[in-house]
Each structure stands twice: as structure tokens, then as C-alpha cells.
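Working notes for the structure below.
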Amino acid sequence: MEHKGLSTNMRRILLLINCLILAVGICGGPLMMRLYYVEGGSRVWFSSWLQTAGWPLTLIPLAILYFYRRKTEGSDAKFYFITPRIFIASFVIGVVTGLDDFLYSWGGSKLPVSTSSLLLAAQLAFTGVGAFFIVKLKFTPYSINAVILLTVGAVLLGIRSNGDRPEGVTSKAYILGFMMTLLAAALYGVILPCIELIYLKAKQAITATLVLEIQMIMCLAATIFCTVGMIVNNDFQAISREAKQFNLGEARYYTVIVWTAIIWQCFFVGVIGVIYCSSSLMSGVMIAVLLPVTEVLAVVFYRENFSGEKGLALFLSLWGFVSYFYGEFRQIKKQKNKSPEIETTTMHTESV
């Protein structure tokens, strides 16, 4: 993928920043969603809506970037970069993301936090397969090893965790939530490579502004989709009533939902940022490797037991993470070694 105007060092810095933003979203999002359900929240469409409702926050960095362009380019600075074709593609993917949010929220209302590991494990596998078929991503032995290790570690957490069925949830509802979670994983595993495909087929420079515009349109479309669901389900009328019955109090109810929207927005910005700086598979690997952090936070905030299986899963996830980045390092080093040979060959040809 071309990153016009970005040096290698700048790309690495941006990748690090986006990884940190993604870490906030993937670690905090599931915990905040679970907090909503545990303390008395029950509106699945509303929970889905919160995952993308923070899209207006994207206008802040877009405004900063625009004023920077005005300063450097003057009155010739473009107000936006997204084309009608990219807008339509982003909107369609956004609607699918809205559906995925609903499936994930429904599963999250029936499953404990630790079981989200199975979602993340399946998502990584689906992302790897989707990236292979959709954007023709080439696997290396190191990336294959990383996918296997991260998947095994996450599945181990999901199957052998002590997070049993929550109180008040029937076996049928638990199994249905389990299936919804897997379906959400499969769907998002296809969404990530599709975002990468937009970048590849854009026929224009992929700038930070364009990436943020794509992300904003996706989240807007997902929010519209979930808003329709909320209207049909009468969720807007139920919010004030639910706030008064919330275990932590009415004021904290609104605090929880506001921060839930903000933290989930970090997830979406981080995901597309990592894809922009690297690949959809890298995004999937980051989501999977952050799983143990989410597990540790679940232990701290929800007092779940940190079993031997969770410790082993942490080890496997870290091993997979190191394997992936070692493979990337070798690939970059290999390309650098080839560059002088190409230059020498070119010079020799020109002299002849």
C-alpha cells in the first residue's frame, strides 16, 4: 500500500500512536459495555448505538488537519478528500458494522467478559482468511505462527475460563449469545480487509484526513442503522427510566454511557489507523494481543479469578505478538538489503 508523503519513521510513529488508541478502545470498550449490563442496563440496541455514537469526536482532528492545510497551502487547501465512490463504500461497510455492533452487544449481554476472548480469537482467524482472499495478503511463517498462537491462547481463555453463565441467563440464551458472538467475529473479520481494500482501490493518495473521513462515515452509517433499531424498540423512551433504576445512580448512568461512546470511538479510530499504517491482519493481531490486558482488567474490576489457563494464554499471546513483529522486522531488513542490489543493477544497465 502506498503512503504518499509519509516517511518510514513517521509511519512507525503513527502506527505506535494508533496502537495506543486501539489499546484504550479494545481494553476499555468491553469492560464499559459489561458494566452497563451488570449494573442494570438492558437495552441491546442502545448499547450497540453507543459503540459508534462518538463519531462527531472525529471532527476535532479533522478540523485541526484542515487548519494546518490552510496554513501551509493557503486558500487552495481542500475542505475534504473523500470521493462519492469512497463515501458509498464506507457507508455500506458502516451499515454492516452497525449490524456487527448489534450482534456483539447481544452476545455481550449474555456472556461474561472472559468469554469475549473467544470472539477475539475467532475474529483474528477470520481476519487472516479474509485478508488472504480480499486483499491478497501474503502469509509468512511468522505471521502464520502468530495467528495460531494468538488463536490458541484466546480460545483457551474462552473455553477454560472461570467466567460461568451470568445469573439470570438461561442455557438457551447463553448458547444463543455464544453463537451471536461468533457471528459478530466472522462479520468483523471480513470488515477489516474490506477497509484495507478501500485504501488499495482509492485511486488517490491515502492521507490521514481521508482515513479519518472514511472512519467518520462508517461510524455515522453504523449509528444511523442502530438509531433505526432504537426507534423500533422504543429505546429512546426507556433511557430516562433505565437511568433512574441504574444500580450506580442516575448521574453515573449518564457518565457510563458518555465514556462508553468515547472509549469505543478510540477503538474504531485505532483500528482504521493501524490498517492505514500497516495491514488488516496487523489490526487483528493487535486486537488479539490486547486480550490478556482486558482479562487482567476484568480480574481487577470484576474480581474474576486469574487461573493457570489465563496465565498460559497470556504467555501464548505475548509469544505470538513477538513472532509477528520479528517476522515484520525480517521482512523490512530483507527489503532494505535488496534495495542496494536493485540500485547497483540499474546503474550498471545505464552505464552499458
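Ordering of the C-alpha cells sets the chain letters (A, B, ...), residue numbers begin anew at 1 in every chain, and ligands are numbered from 1 in the order given.
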Near-Ile263 of chain A list (8 Å; only C-alpha atoms; drop same-chain fewer than 4 positions) as a PDB file with N, CA and C atoms, in the first residue's frame:
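Output saved as selection07.pdb:
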ATOM      1  N   VAL A  24      -6.693   1.474  24.158  1.00  0.00           N
ATOM      2  CA  VAL A  24      -7.700   2.086  25.030  1.00  0.00           C
ATOM      3  C   VAL A  24      -9.093   1.570  24.673  1.00  0.00           C
ATOM      4  N   GLY A  25      -9.372   1.503  23.370  1.00  0.00           N
ATOM      5  CA  GLY A  25     -10.694   1.076  22.918  1.00  0.00           C
ATOM      6  C   GLY A  25     -10.982  -0.385  23.171  1.00  0.00           C
ATOM      7  N   GLY A  28     -10.941  -1.018  27.105  1.00  0.00           N
ATOM      8  CA  GLY A  28     -11.988  -0.334  27.855  1.00  0.00           C
ATOM      9  C   GLY A  28     -13.395  -0.581  27.355  1.00  0.00           C
ATOM     10  N   GLY A  29     -13.555  -0.754  26.031  1.00  0.00           N
ATOM     11  CA  GLY A  29     -14.888  -0.927  25.456  1.00  0.00           C
ATOM     12  C   GLY A  29     -15.682  -2.095  26.031  1.00  0.00           C
ATOM     13  N   TRP A 259     -18.812   7.903  28.530  1.00  0.00           N
ATOM     14  CA  TRP A 259     -17.458   7.352  28.426  1.00  0.00           C
ATOM     15  C   TRP A 259     -17.423   6.086  27.585  1.00  0.00           C
ATOM     16  N   PHE A 267     -11.519   2.798  19.796  1.00  0.00           N
ATOM     17  CA  PHE A 267     -11.346   1.502  19.140  1.00  0.00           C
ATOM     18  C   PHE A 267     -11.416   1.644  17.625  1.00  0.00           C
TER      19      PHE A 267
END
Q.
According to DSSP computed on the backbone, where in segment 80-242 of chain A is there helix (DSSP H, G or I)? Give the residues as an NGL selection string.
A. :A and (84-110 or 113-134 or 141-160 or 171-200 or 208-232 or 235-242)
Just-selected residues, C-alpha atoms written as a short mmCIF file (atom, residue, chain, number, x, y, z; two decimals), in the first residue's frame:
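selection_7.cif, written as the output of this step:
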data_model
loop_
_atom_site.label_atom_id
_atom_site.label_comp_id
_atom_site.auth_asym_id
_atom_site.auth_seq_id
_atom_site.Cartn_x
_atom_site.Cartn_y
_atom_site.Cartn_z
CA PRO A 84 -18.52 9.81 -3.86
CA ARG A 85 -17.26 6.27 -4.64
CA ILE A 86 -15.34 6.01 -1.37
CA PHE A 87 -18.25 7.61 0.50
CA ILE A 88 -20.68 4.94 -0.75
CA ALA A 89 -18.26 2.09 0.02
CA SER A 90 -17.61 3.48 3.53
CA PHE A 91 -21.33 3.93 4.18
CA VAL A 92 -22.12 0.34 3.14
CA ILE A 93 -19.34 -1.04 5.36
CA GLY A 94 -20.66 1.21 8.13
CA VAL A 95 -24.15 -0.31 7.89
CA VAL A 96 -22.60 -3.79 8.13
CA THR A 97 -20.58 -2.55 11.13
CA GLY A 98 -23.86 -1.45 12.75
CA LEU A 99 -25.21 -4.98 12.35
CA ASP A 100 -21.97 -6.35 13.78
CA ASP A 101 -22.29 -3.99 16.77
CA PHE A 102 -25.78 -5.34 17.45
CA LEU A 103 -24.63 -8.97 17.32
CA TYR A 104 -21.69 -8.19 19.62
CA SER A 105 -23.86 -6.25 22.09
CA TRP A 106 -26.45 -9.01 22.18
CA GLY A 107 -23.74 -11.58 22.88
CA GLY A 108 -22.15 -9.28 25.48
CA SER A 109 -25.44 -9.03 27.35
CA LYS A 110 -25.47 -12.81 27.86
CA VAL A 113 -16.19 -10.59 29.97
CA SER A 114 -13.76 -13.51 29.86
CA THR A 115 -15.80 -15.20 27.14
CA SER A 116 -15.10 -12.25 24.84
CA SER A 117 -11.74 -13.97 24.28
CA LEU A 118 -13.45 -16.47 22.00
CA LEU A 119 -14.81 -13.59 19.95
CA LEU A 120 -11.34 -12.09 19.59
CA ALA A 121 -9.77 -15.45 18.75
CA ALA A 122 -12.31 -16.18 16.04
CA GLN A 123 -12.01 -12.63 14.72
CA LEU A 124 -8.26 -12.98 14.21
CA ALA A 125 -8.72 -16.22 12.28
CA PHE A 126 -11.47 -14.70 10.11
CA THR A 127 -9.38 -11.54 9.55
CA GLY A 128 -6.42 -13.63 8.40
CA VAL A 129 -8.55 -15.63 5.96
CA GLY A 130 -10.43 -12.53 4.81
CA ALA A 131 -7.20 -10.59 4.21
CA PHE A 132 -5.82 -13.53 2.21
CA PHE A 133 -8.83 -13.66 -0.14
CA ILE A 134 -9.91 -9.99 -0.26
CA PRO A 141 5.78 -18.46 8.58
CA TYR A 142 5.98 -15.86 11.35
CA SER A 143 2.52 -14.38 10.71
CA ILE A 144 1.02 -17.90 10.48
CA ASN A 145 2.72 -18.80 13.75
CA ALA A 146 1.38 -15.61 15.35
CA VAL A 147 -2.19 -16.31 14.20
CA ILE A 148 -2.03 -19.89 15.54
CA LEU A 149 -0.52 -18.90 18.90
CA LEU A 150 -2.88 -15.98 19.45
CA THR A 151 -5.89 -18.06 18.44
CA VAL A 152 -4.93 -20.98 20.72
CA GLY A 153 -4.29 -18.62 23.63
CA ALA A 154 -7.56 -16.76 23.20
CA VAL A 155 -9.61 -19.94 22.70
CA LEU A 156 -8.01 -21.36 25.84
CA LEU A 157 -9.20 -18.30 27.74
CA GLY A 158 -12.71 -18.59 26.36
CA ILE A 159 -13.16 -22.32 26.93
CA ARG A 160 -11.28 -22.80 30.20
CA SER A 171 -28.71 -22.01 28.99
CA LYS A 172 -30.57 -21.29 25.76
CA ALA A 173 -29.84 -17.55 25.97
CA TYR A 174 -26.20 -18.27 26.82
CA ILE A 175 -25.76 -20.55 23.78
CA LEU A 176 -27.53 -18.03 21.55
CA GLY A 177 -25.25 -15.28 22.87
CA PHE A 178 -22.26 -17.52 22.17
CA MET A 179 -23.40 -18.01 18.56
CA MET A 180 -24.11 -14.28 18.13
CA THR A 181 -20.59 -13.54 19.35
CA LEU A 182 -19.04 -15.94 16.85
CA LEU A 183 -21.14 -14.49 14.04
CA ALA A 184 -20.04 -10.99 15.04
CA ALA A 185 -16.42 -12.19 14.95
CA ALA A 186 -16.85 -13.62 11.46
CA LEU A 187 -18.50 -10.44 10.21
CA TYR A 188 -15.83 -8.14 11.62
CA GLY A 189 -13.14 -10.45 10.27
CA VAL A 190 -14.49 -9.58 6.81
CA ILE A 191 -14.98 -5.86 7.57
CA LEU A 192 -11.30 -5.22 8.37
CA PRO A 193 -9.95 -6.46 4.99
CA CYS A 194 -12.75 -4.55 3.23
CA ILE A 195 -11.49 -1.33 4.83
CA GLU A 196 -8.00 -2.17 3.59
CA LEU A 197 -9.48 -2.82 0.13
CA ILE A 198 -10.93 0.72 0.09
CA TYR A 199 -7.42 2.07 0.66
CA LEU A 200 -5.98 -0.09 -2.11
CA ALA A 208 -4.58 10.94 7.47
CA THR A 209 -7.52 13.21 6.62
CA LEU A 210 -9.01 10.70 4.18
CA VAL A 211 -8.61 7.88 6.71
CA LEU A 212 -10.46 9.89 9.37
CA GLU A 213 -13.19 10.81 6.86
CA ILE A 214 -13.70 7.13 5.98
CA GLN A 215 -13.86 6.23 9.66
CA MET A 216 -16.36 9.02 10.38
CA ILE A 217 -18.69 7.97 7.54
CA MET A 218 -18.52 4.33 8.66
CA CYS A 219 -19.43 5.22 12.24
CA LEU A 220 -22.15 7.62 11.08
CA ALA A 221 -23.74 4.87 8.96
CA ALA A 222 -23.50 2.37 11.83
CA THR A 223 -25.07 4.91 14.20
CA ILE A 224 -27.95 5.55 11.76
CA PHE A 225 -28.53 1.79 11.48
CA CYS A 226 -28.62 1.38 15.27
CA THR A 227 -30.78 4.51 15.66
CA VAL A 228 -33.45 2.87 13.49
CA GLY A 229 -33.24 -0.19 15.74
CA MET A 230 -33.60 2.01 18.85
CA ILE A 231 -36.66 3.76 17.41
CA VAL A 232 -38.36 0.45 16.55
CA ASP A 235 -35.17 2.60 23.43
CA PHE A 236 -35.15 6.40 23.46
CA GLN A 237 -38.24 6.49 25.67
CA ALA A 238 -36.70 3.89 28.01
CA ILE A 239 -33.38 5.69 28.65
CA SER A 240 -34.64 8.06 31.39
CA ARG A 241 -36.46 5.21 33.14
CA GLU A 242 -33.41 2.98 32.93
#
Please identify all polymer residues within 10 Å of segment 270-273 of chain A, counting only C-alpha atoms, omitting same-chain residues fewer than 2 positions from it, and present them as a PDB file with N, CA, C and O atoms, in the first residue's frame.
ATOM      1  N   LEU A  14       3.166   6.992  13.759  1.00  0.00           N
ATOM      2  CA  LEU A  14       1.709   6.954  13.620  1.00  0.00           C
ATOM      3  C   LEU A  14       1.149   5.585  13.996  1.00  0.00           C
ATOM      4  O   LEU A  14       0.085   5.481  14.613  1.00  0.00           O
ATOM      5  N   LEU A  15       1.876   4.527  13.625  1.00  0.00           N
ATOM      6  CA  LEU A  15       1.447   3.174  13.974  1.00  0.00           C
ATOM      7  C   LEU A  15       1.423   2.998  15.483  1.00  0.00           C
ATOM      8  O   LEU A  15       0.468   2.428  16.043  1.00  0.00           O
ATOM      9  N   LEU A  16       2.449   3.498  16.162  1.00  0.00           N
ATOM     10  CA  LEU A  16       2.515   3.396  17.622  1.00  0.00           C
ATOM     11  C   LEU A  16       1.361   4.156  18.266  1.00  0.00           C
ATOM     12  O   LEU A  16       0.697   3.643  19.182  1.00  0.00           O
ATOM     13  N   ILE A  17       1.101   5.370  17.776  1.00  0.00           N
ATOM     14  CA  ILE A  17       0.005   6.185  18.323  1.00  0.00           C
ATOM     15  C   ILE A  17      -1.338   5.481  18.135  1.00  0.00           C
ATOM     16  O   ILE A  17      -2.161   5.401  19.060  1.00  0.00           O
ATOM     17  N   ASN A  18      -1.550   4.934  16.927  1.00  0.00           N
ATOM     18  CA  ASN A  18      -2.815   4.239  16.657  1.00  0.00           C
ATOM     19  C   ASN A  18      -2.950   2.959  17.469  1.00  0.00           C
ATOM     20  O   ASN A  18      -4.054   2.586  17.868  1.00  0.00           O
ATOM     21  N   CYS A  19      -1.838   2.280  17.719  1.00  0.00           N
ATOM     22  CA  CYS A  19      -1.865   1.078  18.564  1.00  0.00           C
ATOM     23  C   CYS A  19      -2.271   1.438  19.991  1.00  0.00           C
ATOM     24  O   CYS A  19      -3.035   0.698  20.636  1.00  0.00           O
ATOM     25  N   LEU A  20      -1.786   2.571  20.492  1.00  0.00           N
ATOM     26  CA  LEU A  20      -2.141   3.020  21.842  1.00  0.00           C
ATOM     27  C   LEU A  20      -3.620   3.393  21.917  1.00  0.00           C
ATOM     28  O   LEU A  20      -4.307   3.063  22.883  1.00  0.00           O
ATOM     29  N   ILE A  21      -4.107   4.090  20.867  1.00  0.00           N
ATOM     30  CA  ILE A  21      -5.532   4.452  20.825  1.00  0.00           C
ATOM     31  C   ILE A  21      -6.395   3.189  20.763  1.00  0.00           C
ATOM     32  O   ILE A  21      -7.422   3.082  21.447  1.00  0.00           O
ATOM     33  N   LEU A  22      -5.960   2.221  19.944  1.00  0.00           N
ATOM     34  CA  LEU A  22      -6.685   0.954  19.830  1.00  0.00           C
ATOM     35  C   LEU A  22      -6.694   0.217  21.160  1.00  0.00           C
ATOM     36  O   LEU A  22      -7.701  -0.403  21.538  1.00  0.00           O
ATOM     37  N   ALA A  23      -5.571   0.286  21.886  1.00  0.00           N
ATOM     38  CA  ALA A  23      -5.473  -0.389  23.185  1.00  0.00           C
ATOM     39  C   ALA A  23      -6.513   0.156  24.162  1.00  0.00           C
ATOM     40  O   ALA A  23      -7.157  -0.610  24.893  1.00  0.00           O
ATOM     41  N   VAL A  24      -6.693   1.474  24.158  1.00  0.00           N
ATOM     42  CA  VAL A  24      -7.700   2.086  25.030  1.00  0.00           C
ATOM     43  C   VAL A  24      -9.093   1.570  24.673  1.00  0.00           C
ATOM     44  O   VAL A  24      -9.890   1.203  25.545  1.00  0.00           O
ATOM     45  N   GLY A  25      -9.372   1.503  23.370  1.00  0.00           N
ATOM     46  CA  GLY A  25     -10.694   1.076  22.918  1.00  0.00           C
ATOM     47  C   GLY A  25     -10.982  -0.385  23.171  1.00  0.00           C
ATOM     48  O   GLY A  25     -12.052  -0.732  23.685  1.00  0.00           O
ATOM     49  N   ILE A  26     -10.025  -1.263  22.819  1.00  0.00           N
ATOM     50  CA  ILE A  26     -10.292  -2.700  22.924  1.00  0.00           C
ATOM     51  C   ILE A  26     -10.271  -3.178  24.367  1.00  0.00           C
ATOM     52  O   ILE A  26     -10.940  -4.153  24.719  1.00  0.00           O
ATOM     53  N   LEU A 192     -12.655  -5.778   8.325  1.00  0.00           N
ATOM     54  CA  LEU A 192     -11.296  -5.220   8.372  1.00  0.00           C
ATOM     55  C   LEU A 192     -10.589  -5.290   7.010  1.00  0.00           C
ATOM     56  O   LEU A 192     -10.057  -4.270   6.543  1.00  0.00           O
ATOM     57  N   ILE A 195     -12.002  -2.692   4.614  1.00  0.00           N
ATOM     58  CA  ILE A 195     -11.490  -1.332   4.832  1.00  0.00           C
ATOM     59  C   ILE A 195     -10.145  -1.179   4.130  1.00  0.00           C
ATOM     60  O   ILE A 195      -9.878  -0.163   3.474  1.00  0.00           O
ATOM     61  N   GLU A 196      -9.300  -2.195   4.253  1.00  0.00           N
ATOM     62  CA  GLU A 196      -7.996  -2.168   3.588  1.00  0.00           C
ATOM     63  C   GLU A 196      -8.177  -2.119   2.070  1.00  0.00           C
ATOM     64  O   GLU A 196      -7.417  -1.443   1.356  1.00  0.00           O
ATOM     65  N   ALA A 208      -3.955  11.072   6.154  1.00  0.00           N
ATOM     66  CA  ALA A 208      -4.575  10.937   7.471  1.00  0.00           C
ATOM     67  C   ALA A 208      -5.989  11.510   7.459  1.00  0.00           C
ATOM     68  O   ALA A 208      -6.909  10.962   8.090  1.00  0.00           O
ATOM     69  N   VAL A 211      -8.376   9.004   5.804  1.00  0.00           N
ATOM     70  CA  VAL A 211      -8.605   7.877   6.714  1.00  0.00           C
ATOM     71  C   VAL A 211      -9.636   8.250   7.774  1.00  0.00           C
ATOM     72  O   VAL A 211     -10.563   7.481   8.068  1.00  0.00           O
ATOM     73  N   LEU A 212      -9.507   9.433   8.347  1.00  0.00           N
ATOM     74  CA  LEU A 212     -10.457   9.891   9.367  1.00  0.00           C
ATOM     75  C   LEU A 212     -11.844  10.115   8.768  1.00  0.00           C
ATOM     76  O   LEU A 212     -12.857   9.833   9.415  1.00  0.00           O
ATOM     77  N   ILE A 214     -13.134   8.470   6.195  1.00  0.00           N
ATOM     78  CA  ILE A 214     -13.701   7.131   5.981  1.00  0.00           C
ATOM     79  C   ILE A 214     -14.248   6.574   7.293  1.00  0.00           C
ATOM     80  O   ILE A 214     -15.355   6.042   7.352  1.00  0.00           O
ATOM     81  N   GLN A 215     -13.451   6.726   8.344  1.00  0.00           N
ATOM     82  CA  GLN A 215     -13.864   6.227   9.664  1.00  0.00           C
ATOM     83  C   GLN A 215     -15.125   6.944  10.144  1.00  0.00           C
ATOM     84  O   GLN A 215     -16.042   6.312  10.690  1.00  0.00           O
ATOM     85  N   TRP A 264     -15.238   3.551  22.891  1.00  0.00           N
ATOM     86  CA  TRP A 264     -15.466   2.760  21.681  1.00  0.00           C
ATOM     87  C   TRP A 264     -15.001   3.510  20.442  1.00  0.00           C
ATOM     88  O   TRP A 264     -14.539   2.900  19.469  1.00  0.00           O
ATOM     89  N   GLN A 265     -15.091   4.843  20.457  1.00  0.00           N
ATOM     90  CA  GLN A 265     -14.605   5.618  19.319  1.00  0.00           C
ATOM     91  C   GLN A 265     -13.091   5.477  19.183  1.00  0.00           C
ATOM     92  O   GLN A 265     -12.555   5.456  18.074  1.00  0.00           O
ATOM     93  N   CYS A 266     -12.403   5.361  20.316  1.00  0.00           N
ATOM     94  CA  CYS A 266     -10.956   5.101  20.287  1.00  0.00           C
ATOM     95  C   CYS A 266     -10.666   3.782  19.573  1.00  0.00           C
ATOM     96  O   CYS A 266      -9.695   3.678  18.815  1.00  0.00           O
ATOM     97  N   PHE A 267     -11.519   2.798  19.796  1.00  0.00           N
ATOM     98  CA  PHE A 267     -11.346   1.502  19.140  1.00  0.00           C
ATOM     99  C   PHE A 267     -11.416   1.644  17.625  1.00  0.00           C
ATOM    100  O   PHE A 267     -10.538   1.172  16.902  1.00  0.00           O
ATOM    101  N   PHE A 268     -12.444   2.315  17.125  1.00  0.00           N
ATOM    102  CA  PHE A 268     -12.623   2.428  15.676  1.00  0.00           C
ATOM    103  C   PHE A 268     -11.542   3.284  15.023  1.00  0.00           C
ATOM    104  O   PHE A 268     -11.053   2.950  13.944  1.00  0.00           O
ATOM    105  N   ILE A 275      -4.674  -0.185  10.232  1.00  0.00           N
ATOM    106  CA  ILE A 275      -4.792  -0.696   8.866  1.00  0.00           C
ATOM    107  C   ILE A 275      -4.087   0.260   7.895  1.00  0.00           C
ATOM    108  O   ILE A 275      -3.383  -0.166   6.981  1.00  0.00           O
ATOM    109  N   TYR A 276      -4.273   1.557   8.112  1.00  0.00           N
ATOM    110  CA  TYR A 276      -3.649   2.583   7.262  1.00  0.00           C
ATOM    111  C   TYR A 276      -2.120   2.502   7.327  1.00  0.00           C
ATOM    112  O   TYR A 276      -1.443   2.586   6.302  1.00  0.00           O
ATOM    113  N   CYS A 277      -1.583   2.321   8.532  1.00  0.00           N
ATOM    114  CA  CYS A 277      -0.122   2.297   8.713  1.00  0.00           C
ATOM    115  C   CYS A 277       0.488   0.927   8.453  1.00  0.00           C
ATOM    116  O   CYS A 277       1.692   0.815   8.226  1.00  0.00           O
ATOM    117  N   SER A 278      -0.336  -0.135   8.511  1.00  0.00           N
ATOM    118  CA  SER A 278       0.215  -1.485   8.332  1.00  0.00           C
ATOM    119  C   SER A 278      -0.712  -2.330   7.462  1.00  0.00           C
ATOM    120  O   SER A 278      -0.662  -2.264   6.250  1.00  0.00           O
ATOM    121  N   SER A 279      -1.577  -3.135   8.103  1.00  0.00           N
ATOM    122  CA  SER A 279      -2.492  -4.016   7.357  1.00  0.00           C
ATOM    123  C   SER A 279      -3.653  -4.419   8.247  1.00  0.00           C
ATOM    124  O   SER A 279      -3.638  -4.206   9.461  1.00  0.00           O
ATOM    125  N   SER A 280      -4.677  -5.031   7.630  1.00  0.00           N
ATOM    126  CA  SER A 280      -5.830  -5.501   8.398  1.00  0.00           C
ATOM    127  C   SER A 280      -5.428  -6.647   9.322  1.00  0.00           C
ATOM    128  O   SER A 280      -5.972  -6.788  10.425  1.00  0.00           O
ATOM    129  N   MET A 282      -2.535  -6.979  10.815  1.00  0.00           N
ATOM    130  CA  MET A 282      -1.872  -6.345  11.949  1.00  0.00           C
ATOM    131  C   MET A 282      -2.908  -5.833  12.940  1.00  0.00           C
ATOM    132  O   MET A 282      -2.742  -5.926  14.161  1.00  0.00           O
ATOM    133  N   SER A 283      -3.997  -5.295  12.420  1.00  0.00           N
ATOM    134  CA  SER A 283      -5.078  -4.817  13.270  1.00  0.00           C
ATOM    135  C   SER A 283      -5.668  -5.971  14.070  1.00  0.00           C
ATOM    136  O   SER A 283      -5.913  -5.859  15.272  1.00  0.00           O
ATOM    137  N   GLY A 284      -5.885  -7.104  13.388  1.00  0.00           N
ATOM    138  CA  GLY A 284      -6.415  -8.287  14.066  1.00  0.00           C
ATOM    139  C   GLY A 284      -5.464  -8.821  15.113  1.00  0.00           C
ATOM    140  O   GLY A 284      -5.881  -9.252  16.199  1.00  0.00           O
ATOM    141  N   MET A 286      -3.228  -7.043  16.804  1.00  0.00           N
ATOM    142  CA  MET A 286      -3.234  -6.107  17.931  1.00  0.00           C
ATOM    143  C   MET A 286      -4.449  -6.334  18.825  1.00  0.00           C
ATOM    144  O   MET A 286      -4.345  -6.303  20.051  1.00  0.00           O
ATOM    145  N   ILE A 287      -5.607  -6.570  18.203  1.00  0.00           N
ATOM    146  CA  ILE A 287      -6.823  -6.824  18.980  1.00  0.00           C
ATOM    147  C   ILE A 287      -6.644  -8.080  19.825  1.00  0.00           C
ATOM    148  O   ILE A 287      -6.992  -8.113  21.008  1.00  0.00           O
TER     149      ILE A 287
END
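The gap separating atom CA of Gln51 of chain A from atom CA of Phe321 of chain A is 26.5 Å, in Å to one decimal.
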Q: Please indicate the distance in Å from atom CA of Gly311 of chain A to atom CA of Glu295 of chain A, rounded to one decimal place.
A: 10.0 Å
Q.
I want to know what sits within 12 Å of Leu248 of chain A, based on only C-alpha atoms, with residues of the same chain fewer than 2 positions away left out; could you give that as an MDAnalysis selection string?
A. chainID A and resid 35:41 242:246 250:256
